[in-house]
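Below: one structure, written as C-alpha cells.
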Amino acid sequence: MRRGNLALLCGLALLARPLCAQQPVRGVPRSEWAAYTGPTFACRDGSGSLPIAQLNDDYCDCTDGSDEPGTSACANTGGRFYCANKGFKPTYVRAGLVGDGICDCCDGTDEYARPGACTDTCIQAGEAARAVAAATLSSVLGGLQKAQQWEAEAATNTGKWDSEIAALKVSLIEKKAAADAIQVEKAAAELRESEARKEFLEKKAAEEAAKQAEEEAKAATAAGAGAEMPSGASVEDSGAVASDHDLSYPSVDHHPDEVGPEGEYPADDYIPPEGDAPYGDDPHLEDAEYRARYRDDYGEGGERFGGEDEDEHRPWSEGDDEPNLDDEPGDDEEGRGRRATWHEEDEHEAAQATETDEAAPKDPEAEALRTKHREAMDAIDDLERQMRELESKKTVDYGPNGRFEPLSRECYTSALGGEWNYEICPFKNAAQKGQSGGSTTIGNWEGFADDYKTLKFTNGQHCWNGPARSLTVSLECGAESEVLSVDEPEVCKYTMRFRTPAACTQAQADAAKTELDALAPERVHDEL
Amino acid sequence: MALSTFLGLTTLFASLHVGSAVDHSKFRTCAKTGFCRRRRNPEKHHGYVVAPTSLSLSPAGTVTGTLHGGEFGVSLTLTLQAYASGASRLRITETNPLHGPRWEPNDILEPELLTTPLRSVGLAELEGHPLQAAAAAKEVAVYAYAHEVSNTASPSAAAAEDALIAIQLHPFKATLYRGATAALTLNPGGRLYFEHHRKRDDAAVPITSVDSDVHGGKTIVDFHEDGLAVYSDGTKQKRAEDAPAADAGAMAAAARADDLWEEQIGSHRDSKPFGPASVGMDVTYEGATHVYGLAEHAAPLNLPSTTGPGARYADPYRMYTLDVYDYELDSPMALYGGVPLLLAHSPNMTVGTLWFNPTETFIDISRRDAEQSLLSSLTAKSAPRPSTSAYWMSESGVIDVFMLPGPSPQRIFSQYAALTGSTPLPPRFALGYHQCRWNYNDEEDVRYVHGKFEELDLPFDVLWLDIEHTDGKRYFTWDQYKFANPKEMQQQLSATGRKMVTIVDPHIKKDMGYSVYKEAHEKGYFINKADGQELDGWCWPGSSAYVDFTSEKVRDWWASRFAYDKYEGSTPTLYTWNDMNEPSVFNGPEVSMNKDAKSIAGIEHREWHNLYGMYMHQATALGLLRRNPGEDSRPFVLSRSFYAGSQRWGAIWTGDNACKWSHLEAAAPMLLSLGLCGITFSGADVGGFLGKGSHTDGAGRAGWDDPDAELFTRWFAAGAYQPFFRGHAHEKSGRREPWTFDDETTVRLRAFAMQRYQLLAYWYTLFFLAETTGMPTMRPLWVSFPTDEQTFDNGKQWMAGGDLMVAPVTTQGATWVNVYFPGSVGQLWYDVVSGRRHAAPSEARIDAPIDAIPVFQRGGSIVPRQMRLRRSSVAMADDPFTLVVAPTSGGSASGRLYLDSGDGYSYRKGAYAYWKFELSEGKLTARPLHTSDTYSPSNVLERLELLNTAPPESITLSTTDGATRDLTFTHVAATNRLVVRKPDVPVASGWSITIKYANDSDRS
C-alpha cells in the first residue's frame, strides 16, 4: 500500500527526484528517508560507512546504532524506532521494544515481524488523547485565568495590608489610651474596695477572736488543702477549673512522661493476647530492636496497642510527641478564645488567692471597672494580633507575584477513599485524618521548592523510632484546587499531587495547546 | 601487595568492624543448652564396642550389628547400607527403645534411593592394603561397594571403583576408604553417645564406666542381649545395678543441673516429657584441612575451628532454624536455615557427610596437623596426614550419617543430589532481576515503579509485595483500599512480560471471619501446645496459629489454597514468597516455637523444628504447581528457612541482612556455602535489607544508614552475578530503586542489569546442569580448581558456572581489587570487558572503577550472550546469540547452551535443545547433546567473538545442508579480538565455522 502510493507519486513529474529514489526505511519518519539513499550508509556518529544492504539488516554495525532504526539490533546503543501511529501521533520507541512480543506502538508496527500480534488502536488512542488534551487545555486555560486574577488581587494586597496596618495602629493608640484611663479609674476604685474590705475583715476578725485556736488551725488546714490540687488528679477532676478550659492540650493519658523511660508502650494501651504476653515474659524481648521490628504500628497492630482514635500507623504518636504548641489554629475565633481563657485563668488564680476573704464584700464599681478593663485589654490584644498577622503576611513568600496567597486562606482535603484523608492548609500545615476521627500532623509549612512547583511541609509529628513526618506536594496546573493523590513511599514521608490554578503558567498553556494541535485529526491523518 | 598478605586478608573475612548488634542473650549458646552443655566436653568418653558375632550381612547387602557399652550400657543397633549414587549410610538406633522407634522424617530424602549391595571383603583382597593386618587380626570387618569415580561430567566415561568401609570392633569406629586411602572415619575419638529414652526414675543413673575399668582388663568376646559383655575367660560383666548405688539425692540434683527432664529457655519452660534424648558422634575427615558447608552461618567459606588449635569461635556451629534479627557476621550462631552437610576438601579428594538429623544440632570443628594425626592413626604405617574433625551433637533423633565418598567435587554434588534431590530448573523469568520493598504501598505505587523501570529502560522481571498488601496480615487476601483490583494490577505487569510475587507466611491470624483460619481451625490443621490446645503465637497479624506443614494432608490442603478460585485476586503470573517459616514466633523461646509443642500427629516440635520451613516451602510449591493442571507452568517460591532438600522447592535468600559493606562481603561466602549444600538458587538482598530507621540499639541510637550510591552500585553489580538477584529494603529505609540515587548511578545500574540479562541463557544453562547433575551454579573457586590450594580459602571471588570468575568490590572507596587467577600453569583468563589476558596462577591488581565489576572468562570456554537490552526475560526469549570464545593457549575452547520454552515441564519430556560448541584447530563446531522434534529454538547466531586471536585470512560458515558461505569479520589488533559478523544460522543447529589463518600457528 505504502510502496504503491510512492510509486504512483514518483510517476508525477512535479516531484523532486530524491523522493523518487527513496525506499521506505523501517523505523524512520518519511521526512528522513532521504538520508538512507545511495549505495552506502554513513553512521551518524561517523563511526563507519556501510553498504546500504546493511541498513536494517538486524545487525548492529554503527557504534551509535544509526544503521538499525527499524530493528532491535542496536538496542544497547540508544537506538529508537519511529512509529507513524496514523490516527494518533507519531512517536519513537526504544529499539529494545522492537520485536519483543509486546505491542508498544498503537499501530503495532514495532511488532512487524509477528503479523497479527498487535491490533491498530491508534484511532481510539487518538480520540482518547484528543479528549484528554482538550480537557487539559481547557483546565489549564481556566487555571491560568484564575492565577492571573490571583496575581492581580495580590498586587493590591500589599497596599491594602499597609493601610489596614495603619488603621489598626490608629485604633490601637486610641484603645490603649482608653484602657489607660480605665486603669486609672479601676485602680482608684480598687483602692477604695480594698480599704472597705480590710475594714470589714478586721471587724470580722475581732468578732471571731473568741473562737478556739484549733478551729482556726482546722480552718487554715482546710484552706491550704483547698488551694492545692490533689496530686495525681487529672485536669478534668478539678471541676470548675477545667470546665473553663478549652485548651486542646493532649490529655494526660498521652503525656510523654507516661511513656516508659525507654519508650515502652503506654501501659493502658497494652492489651496482652490471651494467655501470653505479646513478647512473652522474656525480658530480652523487650529490647528496642524487637519493638522496632515487630512494630505493631501497622494494620492490626492498632488493635493491640493503639487507642481507638489513634493514627493507625503510629498509635502512640501523640504520646510520643511534644504537644504541638506551634500548631495554633489560624482561625480568628479560636485564637481569641484561647487568649480569653488565659485571662480567665489569671483571674481565677487571683480569686483563689483571696479565697479566705470571700466573705468580704466586693465593690460593684470596682467589679465593673475590672470587667471593662479586661475587655479593653482583649481588644488591644486582638488588634495587635491582627497587626502581627498582617505584618507577617507581608514577609511571606506567596510565590511569583503572590499568586499563591489565596491558598493561604483555605484547607484542602483529599477525598480519595481509603482509610485516611489528608488535609493540607498551605502556608500552615498538613494532617492525616482517620475516617473515624483522629488527626496526625504530617508536616508544618516550610516553603516552596523546585521553582514553585513543590510545596514542602516538614517537621510533623515524629514517628515512633523514626523521623518526623513530612509531606512533599507536587503542584499541577488546573482550573480548581484539589488533592489528586497521596502516597507514602517511605514510612512517614508523604507525597501528594495537588492541582491548583496557582501552578498554571503561560508555558503550560502553550504546551497544552501544542499537544492538542499535534493531535488534530487533519494532522495525525496527514502523516503517512 | 604480596600474595600471602592478600590471602591472609581474604581469610580474615569481614575484617571491617563487625558490630555486635544481634541480641546474644536471646539466643542460646552451647553452654545454655542442656544437651550441648552435657555433651560438648564430657569428663570422659564411654566407648562402644561391636559384638563380633552380631555383625551380619543380609542377602540384600545390608550390614547390621549391635553396639554395646557406652555411658548407660544400653545396646544400640548399627546398620550400614550403600547406594548406587556412591553414598553409604551408617545408622545407629536404640535396640530396645522404651517408647518405640524415635520419630524420623520419611519424606525428606528422595523417595527411591537406589541401594547397592555391600559385600564382605576377604583377606586375600586386602593384600597390600593398609587394612591387611587389622583384618587378619579380626580387629576390623571390611565391606565394599562399587561406586562411580568419574571426574567428568559425561556419565558414559564413568568408571567404577570399590569404596571400602572398615568397621573396627573394639572400640567401635568405621572408616571409609577410597582405594588404600582413608577418606573419613566415624567415631574416631570414641565420642559416640546415645541418650536412650528412659523412665524418669531412671534418670541420671549413669554407669560409672564401661571402659576397660569395668571390664578389668578382660578381653571381650561377645555381648549378651542384655547389653553385658562376655569375656574370654568365660565370665560375664556385672549389671550396673549390682554395683553400689550412688547417692540418689545428688543424682537428682545433677539431673536438674543437666536439664534432663525440663529446661528453661529464657523465660520459657520446656517440659521435656521424654527426658534426655541427645545423640552425637565425631567424624574425622582424613587428610583435609579445609571444610565447607553447614549452611547457614555467617562464617567464612572455609569453616574455622571451634575447638583445638587455632579455634576462631568459642561456640560450636549451631543448626536450629531461627529468625535472627540483625544477625552477626563471622559467627557460628544459628540462622534461618540449616543443612547438616559438611564437605572436606584436600587437593586429591573431596568427601562429605550428611548428618541426617533434623533436631537442634551443634557441631564442633577442630583441626589437627599431620603430627597430631599420626598419634591416633588407625594404621600406623600410613604416612601422617592432617585431618579435620567434626563432633556432631543433636538434641534428639537418631544417628544417621551419609558418607559421600567423592572423590571429586562434581561427584560429591551428584551423590548429595541423589539423596536430597536437585534444584529443578526455575522458570526463566526467575533468573531476571526482582524488585522488592517492604512495601510497595498500593496499586498506584506498583504502577509508578513499573512505569519508572519502563521509562528508564531498566530491565526487570518481577515486582514483589510484602506483608502490607494483605487485609490485616491475612495472607491470601488483599487490602481492600490499597489493592482493590489485584488482577488488573497483575495483568498490567504481565503486559510487559513481568510477574508479581506476594508474601504468604505460615502464621495465620486467629479470626473466625478469615476463611483460611476458620477452615484450618475446624479441620484441626494447626500446631498444638503441649497440652493439646491450638498454639497461640504472636506474629505480624497479632495472635496467630501455625499451620502444621509436617502433615502431608495439611500440605495438600495448603496447596489447594493457591487455586485461582481460592486465592482470590491471583492470576497465573502471581508467585509466592514464604517468610517467617523458621517458624518465627515473636513471643516464643528464641523467637520461635516451644519445643514441646506438637504436630497434629502428636510429634514434638523439637523433633521437626528444622524441617518446618522446608515443609512449608514444599506445600507452597505444590500449590503453585497444582493450580495449573496442564503442568505448563513451573512454581517459583522463595523461602527464608530451609533444610537439606529445600532446593527442590524453590529459591532461598539469606534473610534480613543489613545495609553495610561487611554484609555485601559476607553475601558471597554465605551463598557459596548454600550452593555447596545443594541450595544453588540463592541470593542476598541487594542493598542490604536493614537500612536507616530499621533498627535502634537499646539506647535508641539509630542503627545504620541507607545505602549510598557507591554501596548500592557495588552490591547491585555483585548481585547481578549471583543466582537469585533481588533488590529489597526494610520499610523504614529510604526508597532505593535504581533511579533514586542520581542519573549516573541509574546508568551504571542499568549497565549491570544488562550484564545479567546478557548472560541469562548462560545462567539458565547452569540451572539445567544443576537439575541434571547437582552442580551449583555459583561455585567456590576450589570446585573448579580442586588442586589449586590457593583457592581453598577464597570466599571473596567465585565462579559463576564453570566459565566466568567474579571478583566484586566490597570495600568502600576501593577502585581496584586484588584478583587471584586460579589454575595450573598455562591457564588463561580474559577480562570480559577489555579482553585482556591473565595467566594463572597469579595475582593481579585489577582496576575496578565504580562502573565496573571485574569478571573474567576462563580460557578454554565459550559463553553464549544475548546482547540486546530488553525490558524483561520474556522479551528477549527469541533474541539472537553472540558466542564469546576464550581459547586456551592451545587455541581450543568449548561451551554449552541449553534452550527450552522457558516455563512448564515439556523439557522433562525432551522438548529442549542442548548444544555444545567446540573450537579446535581453527574450527568452531556446534554439536547436539540433545535435540527435540517438539522444540526447535528460532534464535540465531548473530555474532561470534574470538578473543586472543590473530587476524584470519577468511572465515567460512558451513551449515547442515552442506552449504558454505564466507563471513565478514573485523579484527581489533589492539586487543586481538575477532568479531565475526552475522553467521545468521540457528544457534542450535549443526553449523561450523572455519577460521583460516595465513599460518596455522596463528590459531593460538
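Residues are named by chain letter and number: chains run A, B, ... in the order of the C-alpha cells, numbers start at 1 in each chain, and ligands are numbered from 1 in the order shown.
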
Close residues, region 768-774 of chain B itself excluded, 12 Å, only C-alpha atoms, min 6 positions apart in chain, as an MDAnalysis selection string: chainID B and resid 85 152:155 409:428 645 647:648 650 675:681 723 761:762 801:802 896:900 902 907:908 912:914

At most 7 Å to chain A: residues in chain B, only C-alpha atoms, as number ranges by chain: B: 25-26, 266-267, 472, 481, 496, 538, 540-543, 586-588, 693-698, 731-735, 868-870, 875-876

Residue list (alpha helix (DSSP H), DSSP) for region 229-434 of chain B, as a ChimeraX atom specification: /B:248-257,370-375,409-420

Those same residues - N, CA and C atoms - I'd like them written as a PDB file, in the first residue's frame.
ATOM      1  N   ALA B 248      21.272 -40.986  95.771  1.00  0.00           N
ATOM      2  CA  ALA B 248      20.143 -40.646  94.901  1.00  0.00           C
ATOM      3  C   ALA B 248      19.890 -39.151  94.864  1.00  0.00           C
ATOM      4  N   GLY B 249      20.007 -38.495  96.002  1.00  0.00           N
ATOM      5  CA  GLY B 249      19.752 -37.062  96.047  1.00  0.00           C
ATOM      6  C   GLY B 249      20.717 -36.283  95.171  1.00  0.00           C
ATOM      7  N   ALA B 250      21.968 -36.659  95.262  1.00  0.00           N
ATOM      8  CA  ALA B 250      22.973 -35.979  94.453  1.00  0.00           C
ATOM      9  C   ALA B 250      22.685 -36.187  92.981  1.00  0.00           C
ATOM     10  N   MET B 251      22.222 -37.372  92.656  1.00  0.00           N
ATOM     11  CA  MET B 251      21.898 -37.680  91.267  1.00  0.00           C
ATOM     12  C   MET B 251      20.775 -36.786  90.747  1.00  0.00           C
ATOM     13  N   ALA B 252      19.747 -36.655  91.591  1.00  0.00           N
ATOM     14  CA  ALA B 252      18.601 -35.843  91.173  1.00  0.00           C
ATOM     15  C   ALA B 252      19.033 -34.403  90.933  1.00  0.00           C
ATOM     16  N   ALA B 253      19.872 -33.900  91.831  1.00  0.00           N
ATOM     17  CA  ALA B 253      20.371 -32.535  91.657  1.00  0.00           C
ATOM     18  C   ALA B 253      21.154 -32.425  90.359  1.00  0.00           C
ATOM     19  N   ALA B 254      21.967 -33.440  90.117  1.00  0.00           N
ATOM     20  CA  ALA B 254      22.757 -33.431  88.887  1.00  0.00           C
ATOM     21  C   ALA B 254      21.830 -33.438  87.674  1.00  0.00           C
ATOM     22  N   ALA B 255      20.726 -34.175  87.789  1.00  0.00           N
ATOM     23  CA  ALA B 255      19.798 -34.268  86.674  1.00  0.00           C
ATOM     24  C   ALA B 255      19.203 -32.906  86.364  1.00  0.00           C
ATOM     25  N   ARG B 256      18.825 -32.191  87.397  1.00  0.00           N
ATOM     26  CA  ARG B 256      18.266 -30.865  87.161  1.00  0.00           C
ATOM     27  C   ARG B 256      19.304 -29.966  86.508  1.00  0.00           C
ATOM     28  N   ALA B 257      20.509 -30.073  87.069  1.00  0.00           N
ATOM     29  CA  ALA B 257      21.557 -29.208  86.533  1.00  0.00           C
ATOM     30  C   ALA B 257      21.814 -29.521  85.066  1.00  0.00           C
ATOM     31  N   ALA B 370      49.539 -32.900  60.670  1.00  0.00           N
ATOM     32  CA  ALA B 370      49.932 -34.271  60.365  1.00  0.00           C
ATOM     33  C   ALA B 370      50.492 -34.994  61.585  1.00  0.00           C
ATOM     34  N   GLU B 371      51.290 -34.313  62.375  1.00  0.00           N
ATOM     35  CA  GLU B 371      51.921 -34.995  63.502  1.00  0.00           C
ATOM     36  C   GLU B 371      50.914 -35.417  64.550  1.00  0.00           C
ATOM     37  N   GLN B 372      49.980 -34.533  64.825  1.00  0.00           N
ATOM     38  CA  GLN B 372      48.957 -34.888  65.806  1.00  0.00           C
ATOM     39  C   GLN B 372      48.146 -36.070  65.316  1.00  0.00           C
ATOM     40  N   SER B 373      47.873 -36.105  64.016  1.00  0.00           N
ATOM     41  CA  SER B 373      47.056 -37.165  63.468  1.00  0.00           C
ATOM     42  C   SER B 373      47.773 -38.503  63.565  1.00  0.00           C
ATOM     43  N   LEU B 374      49.056 -38.450  63.442  1.00  0.00           N
ATOM     44  CA  LEU B 374      49.836 -39.687  63.470  1.00  0.00           C
ATOM     45  C   LEU B 374      49.565 -40.473  64.744  1.00  0.00           C
ATOM     46  N   LEU B 375      49.433 -39.746  65.821  1.00  0.00           N
ATOM     47  CA  LEU B 375      49.261 -40.398  67.113  1.00  0.00           C
ATOM     48  C   LEU B 375      47.998 -41.236  67.163  1.00  0.00           C
ATOM     49  N   PRO B 409      34.780 -32.942  43.491  1.00  0.00           N
ATOM     50  CA  PRO B 409      33.643 -32.096  43.881  1.00  0.00           C
ATOM     51  C   PRO B 409      32.388 -32.440  43.079  1.00  0.00           C
ATOM     52  N   GLN B 410      32.551 -32.654  41.784  1.00  0.00           N
ATOM     53  CA  GLN B 410      31.392 -32.964  40.950  1.00  0.00           C
ATOM     54  C   GLN B 410      30.658 -34.197  41.461  1.00  0.00           C
ATOM     55  N   ARG B 411      31.426 -35.222  41.833  1.00  0.00           N
ATOM     56  CA  ARG B 411      30.799 -36.457  42.303  1.00  0.00           C
ATOM     57  C   ARG B 411      30.070 -36.206  43.624  1.00  0.00           C
ATOM     58  N   ILE B 412      30.666 -35.409  44.475  1.00  0.00           N
ATOM     59  CA  ILE B 412      30.007 -35.092  45.748  1.00  0.00           C
ATOM     60  C   ILE B 412      28.635 -34.485  45.479  1.00  0.00           C
ATOM     61  N   PHE B 413      28.593 -33.547  44.531  1.00  0.00           N
ATOM     62  CA  PHE B 413      27.319 -32.862  44.295  1.00  0.00           C
ATOM     63  C   PHE B 413      26.283 -33.831  43.733  1.00  0.00           C
ATOM     64  N   SER B 414      26.717 -34.738  42.872  1.00  0.00           N
ATOM     65  CA  SER B 414      25.729 -35.674  42.333  1.00  0.00           C
ATOM     66  C   SER B 414      25.334 -36.698  43.399  1.00  0.00           C
ATOM     67  N   GLN B 415      26.291 -37.068  44.250  1.00  0.00           N
ATOM     68  CA  GLN B 415      25.955 -38.002  45.327  1.00  0.00           C
ATOM     69  C   GLN B 415      24.961 -37.370  46.303  1.00  0.00           C
ATOM     70  N   TYR B 416      25.179 -36.115  46.574  1.00  0.00           N
ATOM     71  CA  TYR B 416      24.269 -35.437  47.508  1.00  0.00           C
ATOM     72  C   TYR B 416      22.907 -35.210  46.857  1.00  0.00           C
ATOM     73  N   ALA B 417      22.905 -34.840  45.578  1.00  0.00           N
ATOM     74  CA  ALA B 417      21.633 -34.620  44.883  1.00  0.00           C
ATOM     75  C   ALA B 417      20.828 -35.919  44.808  1.00  0.00           C
ATOM     76  N   ALA B 418      21.530 -37.038  44.710  1.00  0.00           N
ATOM     77  CA  ALA B 418      20.805 -38.307  44.653  1.00  0.00           C
ATOM     78  C   ALA B 418      20.058 -38.560  45.960  1.00  0.00           C
ATOM     79  N   LEU B 419      20.577 -38.017  47.053  1.00  0.00           N
ATOM     80  CA  LEU B 419      19.923 -38.213  48.355  1.00  0.00           C
ATOM     81  C   LEU B 419      18.779 -37.231  48.582  1.00  0.00           C
ATOM     82  N   THR B 420      19.042 -35.963  48.311  1.00  0.00           N
ATOM     83  CA  THR B 420      18.087 -34.925  48.728  1.00  0.00           C
ATOM     84  C   THR B 420      17.445 -34.211  47.551  1.00  0.00           C
TER      85      THR B 420
END

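You can rank B:Val833, B:Ala182, B:Val279, B:Val855 by their closest distance to Arg38 (chain B) using only C-alpha atoms, and at the top of that list sits B:Val279.
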
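With CA of Leu294 (chain B) on one side and CA of Leu342 (chain B) on the other, the separation reads 5.7 Å.
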